[in-house]
Amino acid sequence: MRFSRDRRGQSVVVGTVILFGFLILALSLYQVQVVPQENSDVEYEHSQQVEGEFLDIRNAVESASGTGDGRSTSLKLGTRYPQRTFALNPPAASGRLSTTEPRALRIENVTVNDGGNVGAYWSNRTNETATGDTITFDTRSLRYSPGYNEFRDAPDLVYEHSLVIAEFESGVLGRSGQIAVDSDRNRVRLTALDGTVSESGVRRTSLDPETLSEIERSVNLNSADDDPIVVELPTDVSMERADSLEQQWRDRLGDDAESVVVAGGTVRIELDGTEEYRLELGKVGLGNDATGTNESDGYITEVSAADGVAVAEVRDRYNNPVEGADVEISVDGTAVETARTDADGRISYEVGDVSDVEMAINDGSDTWDSVLFENVGAGVPGGGVESLLVAPEEAVAFNGPGSAERGGFQLDIENQHDTQVRITDVTVLPEDPRLNGLSDKADATGPGRSELNVESENGAVGNKEVLLLDSEYTFVPNSGLRLNLQSGPEKRAYDTGSVEYVDAETDFSGVEVPLNSGEGATITLAEFYEVGQTGATVEDVVGETFSVTVGYKIDGERRTKQFVTTVEVRPAGNVDVEDSIAPNAANFDVFTDQFQGLTTGQVVVENAATGESVSFESTDGQTTEVDSADVGGLSDGDEITATLYESDAQETELSQDVTVVGGGASAINSFEVTDQSGNQARFDVDWVVTNDDGNLDSVEIELINENGNIVDTVFNDVSGGGASGTNQLRQTGNPPAQTYTVRLTVTDVFGNEVVETREVEYAG
């Protein structure tokens with residue numbers, strides 16, 4: 001048998017070769033077309049991720065400069081491609097994050113017209129430059145550059161002067177807003193970036209912004225010759241894209257700038273030379289080799305001298321307080337000690353006799369390195385009686401209900417007299433004359449809802465409400481605005497609608513606020529505006545200095561005490577539990593707001609009857625629905641308490657609110673006092689009260705004399721949803737002429753109270 005001519009297996013071999021060829025062709029097409037496209041998608045997603053993380057870095061730097069909160073951030077430098085069995089990937093796409101070399105930031109054609117050492121120091125700073133009238137300091141830019149293999153249109157990202165720029169080959173796009181210049185508030189706010197960052201690769205790298213000088217103070221800038229004030233910002237964006245960068249700044253500045261020009265590696269912004277601007281400076285470190293600030297190239301300035309205590313503040317070259325600065329103290333020309341400034345950059349020294357106190361830094365070699373307090377002594381100048389009303393800490397800023405700015409502040413005071421005092425009035429005078437309007441712009445009364453609110457630790461409340469239209473603002477004159485808790489004429493106000501000054505009605509609730517020995521009170525003023533001819537802008541008062549003069553009575557004698565305070569920011573917030581909670585309700589709401597220096601707080605909700613509680617994080621303006629089962633259910637009369645803490649450590653309590661389940665709101669619908677006095681003090685009280693849920697329990701009426709003593713009480717048992725009556729209060733024994741307080745308290749069956757008071761004059 002012959003096999004040499006057999007062809008039966010050839011078709012199989014040929015078919016196999018053809019199929020193998022198709023497979024090779026398919027793999028080649030997959031490698032050439034599909035793999036690059038999929039890798040480009042991976043790179044695009046990474047580019048979007050990096051942009052978000054780069055914005056987080058920008059926000060962290062601005063937060064570190066403005067609040068001292070330098071939270072940690074991170075950025076994923078590059079990306080890797082998915083593993084492939086039959087295809088090949090290029091090397092992983094890496095990226096580079098780096099800072100530029102330092103360059104000068106300049107503010108040209110300016111003078112600082114503040115007085116004392118502030119003006120002297122800044123006048124010297126402007127004269128240090130070759131051209132004069134210029135403030136200068138170094139700063140850097142931060143740049144991220146991707147090294148993608150396929151995604152060709154990915155931009156570099158640049159952060160400088162609060163703005164994030166995406167730099168493409170064809171132009172640039174802004175990825176954030178800018179806060180460097182705000183002409184609505186006449187403010188220039190700049191942060192110097194220092195330190196060296198040089199990271200490259202694929203891994204995730206972390207950045208921890210370090211607050212080197214937190215923005216807490218400001219100085220007032222004016223044009224040196226009425227020509228425009230110039231802010232010149234160095235930029236790392238290529239000048240090939242200058243026109244595009246210029247347009248991005250123009251779009252964000254709007255009417256804030258008269259001119260914007262990008263050329264020669266700078267963004268040159270011209271501001272209206274006829275306006276006064278508030279300059280705020282800060283410094284933040286990134287990476288390695290950042291240089292901190294201290295008093296060596298700063299100055300010292302006077303804060304106050306009262307009650308035998310001289311207080312000064314040391315500031316750095318960015319105009320912010322310096323902690324731990326060495327201050328040499330001399331009394332009547334003799335050196336007595338060297339002390340260090342506290343966390344607020346302040347130093348105080350108390351003398352027993354009237355003396356001259358001098359405080360100096362840096363050996364006192366320059367004018368602004370020392371401050372002299374003349375005739376510092378205990379007591380009131382002229383030999384008056386020493387006031388023992390004190391303010392233990394600086395005032396704290398807050399934003400009132402419905403406000404986006406921290407336009408109000410609270411000042412805590414304490415009575416260190418050995419007897420009771422009664423707060424009668426408060427006079428406020430801002431150091432910055434631009435703060436010429438005061439208005440709470442909120443309904444009802446209370447802290448942030450009244451122009452003035454004074455509340456003692458024991459719950460005594462007095463407030464002054466200036467009844468204004470939306471376009472009216474209580475005028476704050478150069479002599480200060482006095483707000484009386486009991487009486488006083490109509491207040492002068494400015495109406496931006498009618499463009500004229502008007503008289504505004506006033507209202508007051510509560511009484512003179514009594515403070516027992518050792519007791520404290522909180523004074524709240526809200527909110528301060530810069531009022532122009534046809535409009536008004538609420539101002540952030542952080543870093544602003546105010547004179548607050550408290551009027552009070554002690555043993556029938558009127559006294560005053562002046563406090564000079566610079567407003568600070570501290571963690572603060574408010575928590576509210578839903579007012580009316582029905583028994584057996586499935587859930588109820590807890591609301592948090594008025595956060596200050598606080599990103600998130602920890603809320604603990606507890607049912608006192610069951611002993612069970614639940615906790616959760618909450619942010620400013622957040623409403624949280626609480627499941628009733630989490631607190632052991634709800635029964636009539638249960639007391640639900642919500643407490644807001646600064647953190648989950650639950651160490652610092654910021655606010656607390658209590659609601660009684662089933663306790664409908666009570667109201668005092670009518671409360672009138674008629675003077676029936678003859679040889680004795682006698683008053684008729686007519687009243688009407690109601691309760692939403694028919695849970696009235698009692699109505700108590702008290703007569704309180706000027707010394708804060710209760711001299712007569714009438715107690716009424718009531719029930720249901722409404723009650724009314726007439727009671728007579730009296731004090732016998734021919735009491736002297738004075739102002740009495742009549743206090744009405746309505747209580748429901750759960751112990752909830754509503755209190756109102758009335759003042760009545762007794763002629764004697």
# chains A, B, ... in the order shown; residues from 1 in each chain; ligands from 1
>>> select_by_dssp(residues="stretch 121-357 of chain A", states="strand (DSSP E)", output="ChimeraX atom specification")
/A:134-139,142-147,156-160,163-167,172-174,181-182,187-194,198-201,204-207,210-213,219-223,229-234,259-263,266-271,277-285,299-306,309-315,326-331,334-340,346-350,355-357
>>> residues_around(residues="A:Ala242", least_positions_apart="6", cutoff="12 Å", atoms="only C-alpha atoms", output="list in words")
Glu167, Ser170, Gly171, Val172, Leu173, Thr235, Asp236, Gln248, Trp249, Val260, Val261, Val262, Ala263, Gly264, Gly265, Thr266, Val267 and Arg268 of chain A
>>> write_last_selection(atoms="N, CA, C and O atoms", output="short mmCIF file (atom, residue, chain, number, x, y, z; two decimals), in the first residue's frame")
data_model
loop_
_atom_site.label_atom_id
_atom_site.label_comp_id
_atom_site.auth_asym_id
_atom_site.auth_seq_id
_atom_site.Cartn_x
_atom_site.Cartn_y
_atom_site.Cartn_z
N GLU A 167 -4.44 73.98 34.20
CA GLU A 167 -3.66 74.53 33.09
C GLU A 167 -3.58 73.50 31.96
O GLU A 167 -2.93 72.47 32.08
N SER A 170 -4.06 74.56 25.72
CA SER A 170 -4.74 75.63 24.99
C SER A 170 -5.18 76.79 25.86
O SER A 170 -5.61 77.82 25.35
N GLY A 171 -5.13 76.65 27.17
CA GLY A 171 -5.59 77.72 28.05
C GLY A 171 -5.74 77.22 29.47
O GLY A 171 -5.26 76.13 29.82
N VAL A 172 -6.39 78.02 30.33
CA VAL A 172 -6.58 77.63 31.73
C VAL A 172 -8.04 77.79 32.10
O VAL A 172 -8.78 78.59 31.50
N LEU A 173 -8.46 77.02 33.12
CA LEU A 173 -9.80 77.12 33.68
C LEU A 173 -9.68 77.18 35.19
O LEU A 173 -8.90 76.43 35.80
N THR A 235 2.69 84.28 39.76
CA THR A 235 1.96 83.11 39.27
C THR A 235 2.92 82.13 38.62
O THR A 235 3.93 82.52 38.00
N ASP A 236 2.62 80.83 38.76
CA ASP A 236 3.42 79.78 38.15
C ASP A 236 2.82 79.32 36.82
O ASP A 236 3.36 78.44 36.17
N GLN A 248 -9.76 84.42 33.71
CA GLN A 248 -10.25 83.70 34.89
C GLN A 248 -10.27 84.60 36.12
O GLN A 248 -11.22 84.57 36.91
N TRP A 249 -9.21 85.40 36.30
CA TRP A 249 -9.20 86.33 37.44
C TRP A 249 -10.27 87.41 37.28
O TRP A 249 -10.93 87.79 38.25
N VAL A 260 -7.22 94.25 35.73
CA VAL A 260 -6.46 93.02 35.94
C VAL A 260 -5.56 92.82 34.72
O VAL A 260 -6.05 92.81 33.58
N VAL A 261 -4.27 92.67 34.97
CA VAL A 261 -3.31 92.44 33.88
C VAL A 261 -2.38 91.30 34.29
O VAL A 261 -1.81 91.31 35.39
N VAL A 262 -2.23 90.29 33.41
CA VAL A 262 -1.30 89.18 33.64
C VAL A 262 -0.15 89.33 32.65
O VAL A 262 -0.35 89.31 31.43
N ALA A 263 1.05 89.50 33.19
CA ALA A 263 2.24 89.65 32.36
C ALA A 263 3.47 89.49 33.23
O ALA A 263 3.43 89.78 34.44
N GLY A 264 4.56 89.03 32.63
CA GLY A 264 5.82 88.95 33.35
C GLY A 264 5.78 88.05 34.57
O GLY A 264 6.52 88.26 35.54
N GLY A 265 4.92 87.03 34.55
CA GLY A 265 4.86 86.09 35.67
C GLY A 265 4.09 86.59 36.87
O GLY A 265 4.24 86.04 37.97
N THR A 266 3.26 87.64 36.69
CA THR A 266 2.47 88.16 37.81
C THR A 266 1.04 88.44 37.36
O THR A 266 0.77 88.67 36.17
N VAL A 267 0.14 88.43 38.35
CA VAL A 267 -1.24 88.90 38.18
C VAL A 267 -1.33 90.24 38.89
O VAL A 267 -1.20 90.31 40.12
N ARG A 268 -1.52 91.30 38.13
CA ARG A 268 -1.52 92.66 38.69
C ARG A 268 -2.96 93.17 38.78
O ARG A 268 -3.63 93.35 37.75
#
>>> closest_residue(among="A:Leu438, A:Ala404, A:Ala536, A:Val426", to="A:Gln486", atoms="only C-alpha atoms")
A:Val426
>>> residues_around(residues="A:Ser615", least_positions_apart="3", cutoff="9 Å", atoms="only C-alpha atoms", output="number ranges by chain")
A: 602-606, 648
>>> residues_around(residues="A:Val61", least_positions_apart="4", cutoff="7 Å", atoms="only C-alpha atoms", output="PyMOL selection string")
chain A and resi 57+65+70+209+284
>>> atom_distance(atom1="atom CA of A:Gly285", atom2="atom CA of A:Arg96")
18.7 Å
>>> closest_atom_pairs(of="stretch 485-559 of chain A", to="stretch 210-224 of chain A", cutoff="10 Å", atoms="only C-alpha atoms", output="tab-separated table")
residue	atom	partner	partner_atom	distance
A:Val542	CA	A:Glu216	CA	6.9
A:Gly543	CA	A:Arg217	CA	4.8
A:Glu544	CA	A:Arg217	CA	7.1
A:Thr545	CA	A:Arg217	CA	9.1
>>> write_last_selection(atoms="C-alpha atoms", output="mmCIF file, in the first residue's frame")
data_model
loop_
_atom_site.group_PDB
_atom_site.id
_atom_site.type_symbol
_atom_site.label_atom_id
_atom_site.label_comp_id
_atom_site.auth_asym_id
_atom_site.auth_seq_id
_atom_site.Cartn_x
_atom_site.Cartn_y
_atom_site.Cartn_z
ATOM 1 C CA VAL A 542 -13.423 88.077 64.118
ATOM 2 C CA GLY A 543 -10.261 90.035 64.911
ATOM 3 C CA GLU A 544 -12.172 93.298 65.387
ATOM 4 C CA THR A 545 -11.668 95.271 68.598
#
>>> atom_distance(atom1="atom CA of A:Gln247", atom2="atom CA of A:Phe151")
26.3 Å
>>> residues_around(residues="A:Thr549", least_positions_apart="4", cutoff="8 Å", atoms="only C-alpha atoms", output="JSON, numbers by chain")
{"A": [426, 427, 428, 560, 561, 562, 563]}
>>> residues_around(residues="A:Phe508", least_positions_apart="2", cutoff="9 Å", atoms="only C-alpha atoms", output="VMD selection string")
chain A and resid 462 to 466 484 to 487 506 510 to 511
>>> residues_around(residues="A:Val689", least_positions_apart="4", cutoff="8 Å", atoms="only C-alpha atoms", output="JSON, numbers by chain")
{"A": [666, 667, 668, 669, 670, 722, 723, 724, 746]}
>>> write_last_selection(atoms="all heavy atoms", output="PDB file, in the first residue's frame")
ATOM      1  N   SER A 666     -46.946  76.360  76.556  1.00  0.00           N
ATOM      2  CA  SER A 666     -47.764  77.323  77.286  1.00  0.00           C
ATOM      3  C   SER A 666     -47.489  78.715  76.752  1.00  0.00           C
ATOM      4  O   SER A 666     -46.437  78.979  76.160  1.00  0.00           O
ATOM      5  CB  SER A 666     -47.463  77.279  78.784  1.00  0.00           C
ATOM      6  OG  SER A 666     -47.753  76.016  79.326  1.00  0.00           O
ATOM      7  N   ALA A 667     -48.437  79.626  76.978  1.00  0.00           N
ATOM      8  CA  ALA A 667     -48.264  80.998  76.513  1.00  0.00           C
ATOM      9  C   ALA A 667     -48.917  81.950  77.501  1.00  0.00           C
ATOM     10  O   ALA A 667     -49.945  81.629  78.119  1.00  0.00           O
ATOM     11  CB  ALA A 667     -48.874  81.182  75.127  1.00  0.00           C
ATOM     12  N   ILE A 668     -48.280  83.121  77.677  1.00  0.00           N
ATOM     13  CA  ILE A 668     -48.872  84.203  78.464  1.00  0.00           C
ATOM     14  C   ILE A 668     -49.505  85.153  77.474  1.00  0.00           C
ATOM     15  O   ILE A 668     -48.819  85.894  76.767  1.00  0.00           O
ATOM     16  CB  ILE A 668     -47.794  84.897  79.320  1.00  0.00           C
ATOM     17  CG1 ILE A 668     -47.169  83.891  80.293  1.00  0.00           C
ATOM     18  CG2 ILE A 668     -48.397  86.082  80.068  1.00  0.00           C
ATOM     19  CD1 ILE A 668     -45.988  84.441  81.069  1.00  0.00           C
ATOM     20  N   ASN A 669     -50.835  85.124  77.388  1.00  0.00           N
ATOM     21  CA  ASN A 669     -51.537  85.902  76.375  1.00  0.00           C
ATOM     22  C   ASN A 669     -51.768  87.346  76.798  1.00  0.00           C
ATOM     23  O   ASN A 669     -51.852  88.240  75.952  1.00  0.00           O
ATOM     24  CB  ASN A 669     -52.884  85.247  76.062  1.00  0.00           C
ATOM     25  CG  ASN A 669     -52.733  83.798  75.648  1.00  0.00           C
ATOM     26  OD1 ASN A 669     -52.789  82.902  76.483  1.00  0.00           O
ATOM     27  ND2 ASN A 669     -52.515  83.551  74.358  1.00  0.00           N
ATOM     28  N   SER A 670     -51.881  87.561  78.094  1.00  0.00           N
ATOM     29  CA  SER A 670     -52.085  88.922  78.587  1.00  0.00           C
ATOM     30  C   SER A 670     -51.447  89.044  79.962  1.00  0.00           C
ATOM     31  O   SER A 670     -51.538  88.120  80.788  1.00  0.00           O
ATOM     32  CB  SER A 670     -53.580  89.258  78.676  1.00  0.00           C
ATOM     33  OG  SER A 670     -53.777  90.555  79.203  1.00  0.00           O
ATOM     34  N   GLY A 722     -56.729  76.798  79.387  1.00  0.00           N
ATOM     35  CA  GLY A 722     -56.699  78.247  79.526  1.00  0.00           C
ATOM     36  C   GLY A 722     -57.154  78.676  80.908  1.00  0.00           C
ATOM     37  O   GLY A 722     -57.929  77.992  81.582  1.00  0.00           O
ATOM     38  N   ALA A 723     -56.631  79.817  81.365  1.00  0.00           N
ATOM     39  CA  ALA A 723     -57.020  80.354  82.670  1.00  0.00           C
ATOM     40  C   ALA A 723     -56.738  81.849  82.680  1.00  0.00           C
ATOM     41  O   ALA A 723     -55.915  82.357  81.912  1.00  0.00           O
ATOM     42  CB  ALA A 723     -56.252  79.665  83.800  1.00  0.00           C
ATOM     43  N   SER A 724     -57.423  82.570  83.579  1.00  0.00           N
ATOM     44  CA  SER A 724     -57.214  84.009  83.718  1.00  0.00           C
ATOM     45  C   SER A 724     -57.513  84.397  85.157  1.00  0.00           C
ATOM     46  O   SER A 724     -58.117  83.640  85.928  1.00  0.00           O
ATOM     47  CB  SER A 724     -58.115  84.789  82.757  1.00  0.00           C
ATOM     48  OG  SER A 724     -59.490  84.536  83.042  1.00  0.00           O
ATOM     49  N   VAL A 746     -45.871  80.718  84.439  1.00  0.00           N
ATOM     50  CA  VAL A 746     -46.906  79.718  84.186  1.00  0.00           C
ATOM     51  C   VAL A 746     -46.207  78.374  84.009  1.00  0.00           C
ATOM     52  O   VAL A 746     -45.235  78.255  83.277  1.00  0.00           O
ATOM     53  CB  VAL A 746     -47.761  80.086  82.952  1.00  0.00           C
ATOM     54  CG1 VAL A 746     -46.905  80.321  81.724  1.00  0.00           C
ATOM     55  CG2 VAL A 746     -48.784  78.991  82.674  1.00  0.00           C
TER      56      VAL A 746
END
>>> closest_residue(among="A:Leu97, A:Leu389, A:Val230, A:Val590", to="A:Arg204", atoms="only C-alpha atoms")
A:Leu97
